[in-house]
$ cat input.pdb   # PDB, C-alpha atoms
ATOM      1  CA  MET B 223    -126.646  27.940 -44.596
ATOM      2  CA  PRO B 224    -124.896  31.240 -43.760
ATOM      3  CA  LYS B 225    -127.026  33.860 -42.004
ATOM      4  CA  GLY B 226    -126.317  36.496 -44.605
ATOM      5  CA  LEU B 227    -125.610  36.795 -48.263
ATOM      6  CA  VAL B 228    -124.069  39.660 -50.228
ATOM      7  CA  ILE B 229    -124.691  39.845 -53.944
ATOM      8  CA  VAL B 230    -122.271  42.054 -55.850
ATOM      9  CA  ASP B 231    -123.339  43.864 -58.981
ATOM     10  CA  LYS B 232    -119.949  43.337 -60.627
ATOM     11  CA  GLU B 233    -120.419  46.014 -63.273
ATOM     12  CA  ARG B 234    -121.172  48.681 -60.631
ATOM     13  CA  CYS B 235    -118.290  47.732 -58.312
ATOM     14  CA  LYS B 236    -115.218  49.957 -58.624
ATOM     15  CA  GLY B 237    -113.059  47.915 -56.262
ATOM     16  CA  CYS B 238    -112.562  50.832 -53.853
ATOM     17  CA  GLY B 239    -112.333  48.472 -50.877
ATOM     18  CA  LEU B 240    -114.478  50.534 -48.472
ATOM     19  CA  CYS B 241    -116.753  47.523 -47.849
ATOM     20  CA  VAL B 242    -113.768  45.229 -47.283
ATOM     21  CA  GLU B 243    -112.541  47.622 -44.575
ATOM     22  CA  ALA B 244    -116.000  48.190 -43.068
ATOM     23  CA  CYS B 245    -117.201  44.574 -42.749
ATOM     24  CA  PRO B 246    -116.993  43.690 -39.030
ATOM     25  CA  PHE B 247    -116.415  40.003 -39.809
ATOM     26  CA  GLY B 248    -113.901  40.149 -42.666
ATOM     27  CA  VAL B 249    -116.310  38.511 -45.082
ATOM     28  CA  LEU B 250    -115.422  40.496 -48.190
ATOM     29  CA  ASP B 251    -112.222  40.818 -50.162
ATOM     30  CA  LEU B 252    -111.110  41.984 -53.592
ATOM     31  CA  SER B 253    -111.124  39.138 -56.091
ATOM     32  CA  SER B 254    -108.697  38.666 -58.956
ATOM     33  CA  GLU B 255    -111.603  39.105 -61.359
ATOM     34  CA  TYR B 256    -111.874  42.333 -63.364
ATOM     35  CA  ASN B 257    -115.099  43.870 -64.649
ATOM     36  CA  SER B 258    -115.522  45.500 -68.065
ATOM     37  CA  SER B 259    -114.329  48.864 -66.673
ATOM     38  CA  GLY B 260    -111.102  47.272 -65.468
ATOM     39  CA  TYR B 261    -111.894  47.336 -61.733
ATOM     40  CA  ARG B 262    -111.180  44.390 -59.448
ATOM     41  CA  VAL B 263    -114.529  43.455 -57.961
ATOM     42  CA  VAL B 264    -115.272  42.368 -54.389
ATOM     43  CA  TYR B 265    -116.520  38.912 -53.501
ATOM     44  CA  MET B 266    -117.493  36.960 -50.391
ATOM     45  CA  ALA B 267    -114.147  35.468 -49.400
ATOM     46  CA  ARG B 268    -115.509  34.042 -46.117
ATOM     47  CA  PRO B 269    -119.267  33.625 -46.740
ATOM     48  CA  ASP B 270    -119.850  31.532 -43.594
ATOM     49  CA  LYS B 271    -119.006  34.594 -41.424
ATOM     50  CA  CYS B 272    -121.704  36.816 -42.979
ATOM     51  CA  THR B 273    -124.555  37.881 -40.678
ATOM     52  CA  GLY B 274    -126.382  40.031 -43.244
ATOM     53  CA  CYS B 275    -125.832  43.201 -41.187
ATOM     54  CA  ALA B 276    -125.560  45.267 -44.420
ATOM     55  CA  VAL B 277    -122.787  47.557 -43.141
ATOM     56  CA  CYS B 278    -120.938  46.796 -46.421
ATOM     57  CA  ALA B 279    -123.869  47.948 -48.533
ATOM     58  CA  ASN B 280    -124.270  51.097 -46.434
ATOM     59  CA  VAL B 281    -120.683  52.207 -47.036
ATOM     60  CA  CYS B 282    -120.657  51.238 -50.740
ATOM     61  CA  PRO B 283    -120.427  54.476 -52.770
ATOM     62  CA  ASP B 284    -121.728  52.794 -55.918
ATOM     63  CA  VAL B 285    -124.777  51.000 -54.495
ATOM     64  CA  ALA B 286    -123.289  47.807 -55.932
ATOM     65  CA  LEU B 287    -124.244  45.468 -53.074
ATOM     66  CA  GLU B 288    -127.524  43.774 -52.238
ATOM     67  CA  VAL B 289    -127.800  42.071 -48.864
ATOM     68  CA  TYR B 290    -129.989  39.140 -47.890
ATOM     69  CA  ARG B 291    -130.604  37.593 -44.490
ATOM     70  CA  GLU B 292    -131.731  34.080 -43.722
ATOM     71  CA  GLU B 293    -135.469  34.233 -43.028
ATOM     72  CA  SER B 294    -135.320  32.558 -39.614
ATOM     73  CA  SER B 295    -132.825  35.209 -38.418
ATOM     74  CA  VAL B 296    -134.954  38.180 -39.523
ATOM     75  CA  LYS B 297    -137.235  39.375 -36.749
ATOM     76  CA  GLY B 298    -140.706  40.269 -37.920
ATOM     77  CA  ALA B 299    -139.934  39.579 -41.580
ATOM     78  CA  ALA B 300    -142.916  39.578 -43.891
TER      79      ALA B 300
ATOM     80  CA  MET U  89    -126.156  47.772 -66.818
ATOM     81  CA  SER U  90    -127.498  46.118 -63.673
ATOM     82  CA  VAL U  91    -128.893  42.638 -63.574
ATOM     83  CA  GLU U  92    -132.293  41.849 -62.074
ATOM     84  CA  LEU U  93    -131.484  39.479 -59.247
ATOM     85  CA  ALA U  94    -133.735  36.714 -58.036
ATOM     86  CA  ILE U  95    -134.074  36.489 -54.250
ATOM     87  CA  PRO U  96    -132.244  33.341 -53.094
ATOM     88  CA  ARG U  97    -134.524  30.766 -51.526
ATOM     89  CA  GLY U  98    -134.814  30.993 -47.751
ATOM     90  CA  TYR U  99    -133.517  34.564 -47.657
ATOM     91  CA  THR U 100    -135.121  37.981 -47.237
ATOM     92  CA  ARG U 101    -133.718  41.079 -48.889
ATOM     93  CA  VAL U 102    -132.540  43.576 -46.264
ATOM     94  CA  PHE U 103    -130.717  46.084 -48.458
ATOM     95  CA  SER U 104    -131.250  47.060 -52.070
ATOM     96  CA  ARG U 105    -131.053  50.031 -54.416
ATOM     97  CA  PRO U 106    -133.473  52.873 -53.545
ATOM     98  CA  ALA U 107    -136.313  53.375 -56.058
ATOM     99  CA  ALA U 108    -135.422  57.070 -56.431
ATOM    100  CA  LEU U 109    -132.158  56.085 -58.127
ATOM    101  CA  SER U 110    -132.109  55.214 -61.809
ATOM    102  CA  GLU U 111    -130.170  52.284 -63.238
ATOM    103  CA  ALA U 112    -127.328  54.557 -64.377
ATOM    104  CA  GLY U 113    -123.971  53.956 -62.721
ATOM    105  CA  PHE U 114    -122.445  56.830 -60.755
ATOM    106  CA  THR U 115    -119.684  58.742 -62.529
ATOM    107  CA  TYR U 116    -117.835  59.432 -59.268
ATOM    108  CA  CYS U 117    -114.271  58.156 -58.763
ATOM    109  CA  PRO U 118    -113.799  54.835 -56.909
ATOM    110  CA  GLY U 119    -114.345  55.242 -53.167
ATOM    111  CA  CYS U 120    -115.639  58.832 -53.341
ATOM    112  CA  HIS U 121    -118.143  59.573 -50.575
ATOM    113  CA  HIS U 122    -120.345  61.454 -53.048
ATOM    114  CA  GLY U 123    -121.912  58.107 -53.958
ATOM    115  CA  ILE U 124    -122.914  57.413 -50.357
ATOM    116  CA  ILE U 125    -124.432  60.887 -49.994
ATOM    117  CA  THR U 126    -126.325  60.600 -53.289
ATOM    118  CA  ARG U 127    -127.773  57.279 -52.124
ATOM    119  CA  LEU U 128    -128.799  58.735 -48.738
ATOM    120  CA  VAL U 129    -130.729  61.511 -50.495
ATOM    121  CA  ALA U 130    -132.451  58.887 -52.677
ATOM    122  CA  GLU U 131    -133.336  56.819 -49.593
ATOM    123  CA  ALA U 132    -134.801  59.905 -47.902
ATOM    124  CA  ILE U 133    -136.953  60.638 -50.987
ATOM    125  CA  ASP U 134    -138.144  57.010 -50.948
ATOM    126  CA  GLU U 135    -138.953  57.017 -47.231
ATOM    127  CA  LEU U 136    -140.960  60.236 -47.454
ATOM    128  CA  GLY U 137    -142.785  59.041 -50.591
ATOM    129  CA  ILE U 138    -142.158  62.315 -52.427
ATOM    130  CA  LEU U 139    -140.475  61.080 -55.618
ATOM    131  CA  GLU U 140    -143.271  62.268 -57.922
ATOM    132  CA  ARG U 141    -143.124  65.858 -56.652
ATOM    133  CA  THR U 142    -139.421  66.305 -56.015
ATOM    134  CA  VAL U 143    -137.200  68.555 -58.109
ATOM    135  CA  GLY U 144    -133.449  68.520 -57.607
ATOM    136  CA  ILE U 145    -131.031  71.247 -58.617
ATOM    137  CA  ALA U 146    -127.721  69.850 -59.855
ATOM    138  CA  PRO U 147    -124.503  71.815 -59.360
ATOM    139  CA  VAL U 148    -121.451  72.235 -61.490
ATOM    140  CA  GLY U 149    -118.799  69.833 -60.281
ATOM    141  CA  CYS U 150    -118.511  66.107 -59.731
ATOM    142  CA  ALA U 151    -122.270  65.795 -59.140
ATOM    143  CA  VAL U 152    -123.163  67.537 -62.414
ATOM    144  CA  PHE U 153    -124.738  64.347 -63.817
ATOM    145  CA  LEU U 154    -127.174  63.946 -60.905
ATOM    146  CA  ASP U 155    -130.123  64.158 -63.299
ATOM    147  CA  ARG U 156    -129.003  60.829 -64.767
ATOM    148  CA  PHE U 157    -128.748  59.162 -61.355
ATOM    149  CA  PHE U 158    -132.193  60.108 -60.005
ATOM    150  CA  ASN U 159    -135.672  59.219 -61.194
ATOM    151  CA  CYS U 160    -137.079  62.638 -60.214
ATOM    152  CA  ASP U 161    -136.969  65.899 -62.169
ATOM    153  CA  PHE U 162    -133.782  67.920 -62.231
ATOM    154  CA  VAL U 163    -132.602  71.342 -63.276
ATOM    155  CA  GLN U 164    -128.951  72.020 -63.981
ATOM    156  CA  ALA U 165    -128.084  75.427 -62.518
ATOM    157  CA  ALA U 166    -125.261  77.711 -63.602
ATOM    158  CA  HIS U 167    -122.201  77.322 -61.394
ATOM    159  CA  GLY U 168    -123.105  78.203 -57.798
ATOM    160  CA  ARG U 169    -126.632  79.408 -58.556
ATOM    161  CA  ALA U 170    -128.523  76.345 -57.347
ATOM    162  CA  CYS U 171    -130.106  78.098 -54.336
ATOM    163  CA  ALA U 172    -131.348  80.928 -56.573
ATOM    164  CA  VAL U 173    -132.878  78.458 -59.049
ATOM    165  CA  ALA U 174    -134.402  76.502 -56.158
ATOM    166  CA  THR U 175    -135.903  79.723 -54.774
ATOM    167  CA  GLY U 176    -137.619  80.408 -58.107
ATOM    168  CA  ILE U 177    -139.032  76.902 -58.452
ATOM    169  CA  LYS U 178    -140.208  76.699 -54.847
ATOM    170  CA  ARG U 179    -141.906  80.106 -54.950
ATOM    171  CA  ALA U 180    -143.633  79.356 -58.262
ATOM    172  CA  ARG U 181    -144.668  75.841 -57.208
ATOM    173  CA  PRO U 182    -144.810  75.579 -53.397
ATOM    174  CA  ASP U 183    -146.356  72.100 -53.735
ATOM    175  CA  LEU U 184    -143.056  70.717 -55.050
ATOM    176  CA  VAL U 185    -140.206  69.492 -52.867
ATOM    177  CA  VAL U 186    -137.074  71.310 -54.005
ATOM    178  CA  PHE U 187    -133.530  70.433 -53.025
ATOM    179  CA  THR U 188    -130.078  71.450 -54.171
ATOM    180  CA  TYR U 189    -127.037  69.197 -54.077
ATOM    181  CA  GLN U 190    -123.829  71.207 -54.236
ATOM    182  CA  GLY U 191    -120.130  70.836 -53.626
ATOM    183  CA  ASP U 192    -117.891  73.301 -51.821
ATOM    184  CA  GLY U 193    -116.493  74.801 -55.018
ATOM    185  CA  ASP U 194    -120.059  75.457 -56.114
ATOM    186  CA  LEU U 195    -121.777  76.488 -52.880
ATOM    187  CA  ALA U 196    -118.899  78.016 -50.889
ATOM    188  CA  ALA U 197    -116.988  79.805 -53.659
ATOM    189  CA  ILE U 198    -118.789  81.085 -56.731
ATOM    190  CA  GLY U 199    -122.222  80.557 -55.165
ATOM    191  CA  THR U 200    -121.606  82.116 -51.744
ATOM    192  CA  ALA U 201    -123.867  85.116 -52.375
ATOM    193  CA  GLU U 202    -126.811  83.038 -53.625
ATOM    194  CA  THR U 203    -126.455  80.629 -50.721
ATOM    195  CA  VAL U 204    -126.173  83.270 -48.005
ATOM    196  CA  HIS U 205    -129.123  85.262 -49.305
ATOM    197  CA  ALA U 206    -131.366  82.216 -49.817
ATOM    198  CA  ALA U 207    -130.542  81.194 -46.225
ATOM    199  CA  ASN U 208    -131.111  84.717 -44.927
ATOM    200  CA  ARG U 209    -134.502  84.893 -46.626
ATOM    201  CA  GLY U 210    -135.329  81.571 -45.025
ATOM    202  CA  GLU U 211    -136.387  80.053 -48.351
ATOM    203  CA  ASN U 212    -138.280  76.831 -47.763
ATOM    204  CA  ILE U 213    -135.743  74.605 -49.559
ATOM    205  CA  THR U 214    -133.382  71.770 -48.654
ATOM    206  CA  VAL U 215    -129.670  72.147 -49.356
ATOM    207  CA  ILE U 216    -127.229  69.232 -49.396
ATOM    208  CA  PHE U 217    -123.718  70.667 -49.152
ATOM    209  CA  VAL U 218    -120.949  68.175 -49.954
ATOM    210  CA  ASN U 219    -117.672  69.505 -48.545
ATOM    211  CA  ASN U 220    -114.479  67.731 -49.577
ATOM    212  CA  GLY U 221    -112.221  70.773 -49.335
ATOM    213  CA  ILE U 222    -111.034  70.742 -52.942
ATOM    214  CA  TYR U 223    -112.129  71.307 -56.533
ATOM    215  CA  GLY U 224    -112.480  67.671 -57.561
ATOM    216  CA  MET U 225    -113.727  67.696 -61.120
ATOM    217  CA  THR U 226    -111.328  70.324 -62.448
ATOM    218  CA  GLY U 227    -108.210  68.609 -61.152
ATOM    219  CA  GLY U 228    -107.723  69.265 -57.451
ATOM    220  CA  GLU U 229    -107.273  73.029 -57.030
ATOM    221  CA  MET U 230    -107.565  74.778 -53.635
ATOM    222  CA  ALA U 231    -111.147  75.549 -52.608
ATOM    223  CA  PRO U 232    -112.243  78.092 -49.968
ATOM    224  CA  THR U 233    -112.771  75.112 -47.655
ATOM    225  CA  THR U 234    -109.279  73.593 -48.090
ATOM    226  CA  LEU U 235    -107.636  73.027 -44.683
ATOM    227  CA  PRO U 236    -104.587  75.082 -43.609
ATOM    228  CA  GLY U 237    -101.464  73.222 -44.695
ATOM    229  CA  GLN U 238    -103.370  70.992 -47.110
ATOM    230  CA  ARG U 239    -101.584  70.371 -50.400
ATOM    231  CA  THR U 240    -103.486  70.870 -53.625
ATOM    232  CA  VAL U 241    -102.258  71.439 -57.177
ATOM    233  CA  THR U 242    -102.520  75.222 -56.663
ATOM    234  CA  THR U 243    -101.019  75.129 -53.141
ATOM    235  CA  PRO U 244     -98.183  72.622 -53.669
ATOM    236  CA  ARG U 245     -96.524  73.656 -50.379
ATOM    237  CA  GLY U 246     -99.793  73.516 -48.482
ATOM    238  CA  ARG U 247    -102.427  76.191 -47.909
ATOM    239  CA  GLU U 248    -100.863  79.148 -46.151
ATOM    240  CA  PRO U 249    -103.711  81.182 -44.600
ATOM    241  CA  ARG U 250    -101.748  84.451 -44.640
ATOM    242  CA  SER U 251    -101.547  84.475 -48.411
ATOM    243  CA  HIS U 252    -104.336  82.075 -49.405
ATOM    244  CA  GLY U 253    -106.905  83.072 -46.816
ATOM    245  CA  TYR U 254    -108.509  81.048 -44.062
ATOM    246  CA  PRO U 255    -110.953  78.201 -44.730
ATOM    247  CA  LEU U 256    -114.529  79.390 -44.990
ATOM    248  CA  LYS U 257    -116.822  77.807 -42.421
ATOM    249  CA  ILE U 258    -120.065  78.192 -44.321
ATOM    250  CA  SER U 259    -122.282  76.350 -41.847
ATOM    251  CA  GLU U 260    -121.036  78.412 -38.896
ATOM    252  CA  MET U 261    -121.648  81.574 -40.934
ATOM    253  CA  LEU U 262    -125.180  80.610 -41.913
ATOM    254  CA  ALA U 263    -126.040  79.505 -38.374
ATOM    255  CA  GLN U 264    -125.605  83.156 -37.252
ATOM    256  CA  LEU U 265    -128.457  84.280 -39.522
ATOM    257  CA  ASP U 266    -132.089  84.550 -38.421
ATOM    258  CA  GLY U 267    -133.445  82.979 -41.632
ATOM    259  CA  PRO U 268    -132.372  79.321 -41.570
ATOM    260  CA  ALA U 269    -134.366  76.684 -39.680
ATOM    261  CA  TYR U 270    -131.773  73.926 -39.586
ATOM    262  CA  ILE U 271    -128.015  73.936 -40.165
ATOM    263  CA  THR U 272    -126.022  70.809 -39.415
ATOM    264  CA  ARG U 273    -122.683  69.223 -40.270
ATOM    265  CA  GLN U 274    -122.377  65.483 -40.757
ATOM    266  CA  ALA U 275    -119.932  62.956 -42.221
ATOM    267  CA  VAL U 276    -120.183  59.524 -43.836
ATOM    268  CA  PHE U 277    -116.783  57.941 -43.124
ATOM    269  CA  ASP U 278    -118.243  55.016 -41.167
ATOM    270  CA  TYR U 279    -121.546  53.279 -40.597
ATOM    271  CA  PRO U 280    -122.658  55.139 -37.419
ATOM    272  CA  HIS U 281    -122.012  58.496 -39.101
ATOM    273  CA  ILE U 282    -123.860  57.373 -42.235
ATOM    274  CA  VAL U 283    -126.903  56.620 -40.048
ATOM    275  CA  LYS U 284    -126.680  60.074 -38.437
ATOM    276  CA  ALA U 285    -126.233  61.800 -41.803
ATOM    277  CA  LYS U 286    -129.292  60.008 -43.124
ATOM    278  CA  ARG U 287    -131.317  61.215 -40.135
ATOM    279  CA  ALA U 288    -130.174  64.796 -40.780
ATOM    280  CA  ILE U 289    -131.096  64.608 -44.482
ATOM    281  CA  LEU U 290    -134.540  63.238 -43.583
ATOM    282  CA  LYS U 291    -135.048  66.086 -41.119
ATOM    283  CA  ALA U 292    -134.005  68.665 -43.722
ATOM    284  CA  PHE U 293    -136.615  67.297 -46.134
ATOM    285  CA  ARG U 294    -139.280  67.044 -43.401
ATOM    286  CA  ASN U 295    -138.651  70.681 -42.467
ATOM    287  CA  GLN U 296    -139.509  71.667 -46.018
ATOM    288  CA  LEU U 297    -142.666  69.527 -46.027
ATOM    289  CA  GLU U 298    -143.705  71.195 -42.768
ATOM    290  CA  GLY U 299    -142.918  74.678 -44.130
ATOM    291  CA  LYS U 300    -140.225  75.382 -41.540
ATOM    292  CA  GLY U 301    -137.834  76.988 -43.998
ATOM    293  CA  PHE U 302    -134.211  76.816 -45.097
ATOM    294  CA  SER U 303    -132.425  73.614 -44.067
ATOM    295  CA  LEU U 304    -128.813  72.873 -44.930
ATOM    296  CA  VAL U 305    -126.971  69.616 -44.317
ATOM    297  CA  GLU U 306    -123.219  69.950 -44.771
ATOM    298  CA  ILE U 307    -121.570  66.555 -45.235
ATOM    299  CA  LEU U 308    -117.803  66.137 -45.001
ATOM    300  CA  SER U 309    -116.772  64.073 -47.985
ATOM    301  CA  THR U 310    -113.588  62.706 -49.503
ATOM    302  CA  CYS U 311    -111.686  63.155 -52.730
ATOM    303  CA  PRO U 312    -109.325  60.161 -52.798
ATOM    304  CA  THR U 313    -108.197  60.988 -56.337
ATOM    305  CA  ASN U 314    -107.074  64.560 -55.704
ATOM    306  CA  TRP U 315    -106.065  64.058 -52.079
ATOM    307  CA  ARG U 316    -103.689  61.382 -53.449
ATOM    308  CA  MET U 317    -104.960  58.838 -50.916
ATOM    309  CA  SER U 318    -106.606  55.450 -51.038
ATOM    310  CA  PRO U 319    -110.368  55.539 -50.321
ATOM    311  CA  VAL U 320    -109.756  53.993 -46.880
ATOM    312  CA  GLU U 321    -106.994  56.529 -46.033
ATOM    313  CA  ALA U 322    -109.214  59.379 -47.222
ATOM    314  CA  GLY U 323    -112.027  58.266 -44.910
ATOM    315  CA  ARG U 324    -109.598  58.093 -42.017
ATOM    316  CA  TRP U 325    -108.334  61.591 -42.807
ATOM    317  CA  VAL U 326    -111.888  62.952 -42.580
ATOM    318  CA  ALA U 327    -112.360  61.167 -39.246
ATOM    319  CA  GLU U 328    -109.067  62.344 -37.748
ATOM    320  CA  GLU U 329    -108.259  65.710 -39.351
ATOM    321  CA  VAL U 330    -111.099  67.264 -41.311
ATOM    322  CA  SER U 331    -113.778  66.699 -38.673
ATOM    323  CA  ARG U 332    -111.498  68.278 -36.084
ATOM    324  CA  PHE U 333    -111.356  71.475 -38.101
ATOM    325  CA  TYR U 334    -115.027  71.275 -39.099
ATOM    326  CA  PRO U 335    -116.724  69.875 -35.946
ATOM    327  CA  LEU U 336    -119.709  67.618 -36.556
ATOM    328  CA  GLY U 337    -123.148  68.283 -35.130
ATOM    329  CA  ASP U 338    -126.136  70.610 -35.319
ATOM    330  CA  LEU U 339    -125.241  74.312 -35.531
ATOM    331  CA  LYS U 340    -128.775  75.632 -35.599
ATOM    332  CA  ASP U 341    -132.104  73.930 -35.088
ATOM    333  CA  THR U 342    -135.237  75.962 -34.520
ATOM    334  CA  GLY U 343    -137.164  72.727 -33.910
TER     335      GLY U 343
END
$ encode --input "input.pdb" --output "structure tokens"
Amino acid sequence: MPKGLVIVDKERCKGCGLCVEACPFGVLDLSSEYNSSGYRVVYMARPDKCTGCAVCANVCPDVALEVYREESSVKGAA
Amino acid sequence: MSVELAIPRGYTRVFSRPAALSEAGFTYCPGCHHGIITRLVAEAIDELGILERTVGIAPVGCAVFLDRFFNCDFVQAAHGRACAVATGIKRARPDLVVFTYQGDGDLAAIGTAETVHAANRGENITVIFVNNGIYGMTGGEMAPTTLPGQRTVTTPRGREPRSHGYPLKISEMLAQLDGPAYITRQAVFDYPHIVKAKRAILKAFRNQLEGKGFSLVEILSTCPTNWRMSPVEAGRWVAEEVSRFYPLGDLKDTG
């Protein structure tokens, strides 16, 4: 099970690529899938590399990403 | 438009949409830093627990639809007059938390007088000043904050200070006044700067809650569409060029 998980709200994503550039582990990439606005949406191209650090979600200008972390790797998680 | 997502088994959510934001999608262009700044303001409202008593003043410009994006009350001011409207609301209802969110065409051009005087009076309001050095919504004309040499549709050979004037450093100007409590310049082109910008926005709101007076957070932003750059190139240009001309950091902090 990968440490982190990024869930993309495909209708919010505008395919700007800021998260692809910002991810320290190269997890994300633009897919060949288009949303209803005609933008290519991002997806987890290398999900096993994800640590759930949420840098991608922090740089996303459309608040299109939700980030999850594996419970055992979250310190002090409720 | 958004889908309610179930938390995957064995995982904990570490990042999600702030409650102060509505479900409406942003109308900003792809990769525009406005979206990051709007989210940071929403996160600050969430963290301070002030959503029910916050009133925002929307500008004219790319952020004109802010009232749709936030779950708090909003007033749409005439172009540049956000600080004047905020003054009225804050003086009539000091129990409310009042902030303006303005671009450089709004705050630094047509609204210069209102901004300078609100700052000089030390009005107890919070101002978020988004500086991308261009008129974005109207098609990329030169703004007072456009860098020397920068090409826009109205300065196709680049801004020439001798005929077009020098860029207006609003934050430096306001920091000379006795009125303001906190003037700072931040940027959001990478994660560490986003964290710092968030801290500055939180401080600007806390200052108001503590009655310290006028707080302005200038945030260097991008306009990939009108700068004719990709979002990644635009961010790099802020990091390498714009922030050299407009140095980042606190310009005034009365503590």
$ atom_distance --input "input.pdb" --atom1 "CA of Thr226 in chain U" --atom2 "CA of Val320 in chain U"
22.6 Å
$ interface_residues --input "input.pdb" --of "chain B" --to "chain U" --cutoff "8 Å" --atoms "only C-alpha atoms" --output "list of chain:residue names"
B:Asp231, B:Glu233, B:Arg234, B:Lys236, B:Gly237, B:Cys238, B:Gly239, B:Leu240, B:Glu243, B:Ala244, B:Gly274, B:Ala276, B:Val277, B:Ala279, B:Asn280, B:Val281, B:Cys282, B:Pro283, B:Asp284, B:Val285, B:Leu287, B:Glu288, B:Val289, B:Tyr290, B:Arg291, B:Glu292, B:Glu293, B:Val296, B:Ala299
$ residues_around --input "input.pdb" --residues "Lys257 in chain U" --least-positions-apart "4" --cutoff "9 Å" --atoms "all atoms listed in the file" --output "list in words"
Ala196, Pro232, Thr233, Met261, Leu262 and Tyr334 of chain U
$ atom_distance --input "input.pdb" --atom1 "CA of Arg181 in chain U" --atom2 "CA of Ala263 in chain U"
26.7 Å
$ residues_around --input "input.pdb" --residues "range 151-168 of chain U" --least-positions-apart "4" --cutoff "6 Å" --atoms "all atoms listed in the file" --output "CSV table (one decimal) with C-alpha atoms, in the frame of the given file"
chain,number,residue,atom,x,y,z
U,108,ALA,CA,-135.4,57.1,-56.4
U,109,LEU,CA,-132.2,56.1,-58.1
U,110,SER,CA,-132.1,55.2,-61.8
U,112,ALA,CA,-127.3,54.6,-64.4
U,139,LEU,CA,-140.5,61.1,-55.6
U,143,VAL,CA,-137.2,68.6,-58.1
U,144,GLY,CA,-133.4,68.5,-57.6
U,145,ILE,CA,-131.0,71.2,-58.6
U,146,ALA,CA,-127.7,69.8,-59.9
U,147,PRO,CA,-124.5,71.8,-59.4
U,194,ASP,CA,-120.1,75.5,-56.1
U,195,LEU,CA,-121.8,76.5,-52.9
U,198,ILE,CA,-118.8,81.1,-56.7
U,199,GLY,CA,-122.2,80.6,-55.2
$ resolve_selection --input "input.pdb" --expression "the PyMOL selection byres ((chain B and resi 253) around 8)" --output "count of residues only"
9
$ resolve_selection --input "input.pdb" --expression "the PyMOL selection byres ((chain U and resi 209) around 12)" --output "count of residues only"
23
$ residues_around --input "input.pdb" --residues "Asn219 in chain U" --least-positions-apart "3" --cutoff "6 Å" --atoms "all atoms listed in the file" --output "number ranges by chain"
U: 191-192, 307-309
$ atom_distance --input "input.pdb" --atom1 "CA of Thr200 in chain U" --atom2 "CA of Leu339 in chain U"
18.4 Å
$ closest_residue --input "input.pdb" --among "U:Leu336, U:Ala130, U:Ala170, U:Ile216" --to "Ala107 in chain U" --atoms "only C-alpha atoms"
U:Ala130
$ residues_near_point --input "input.pdb" --point "(-109.9, 76.2, -41.9)" --cutoff "7 Å" --atoms "all atoms listed in the file" --output "ChimeraX atom specification"
/U:233-236,254-256,333
$ resolve_selection --input "input.pdb" --expression "the PyMOL selection byres ((chain U and resi 326) around 9)" --output "list in words"
Asn220, Ala275, Phe277, Leu308, Ser309, Thr310, Glu321, Ala322, Gly323, Arg324, Trp325, Ala327, Glu328, Glu329, Val330, Ser331 and Arg332 of chain U
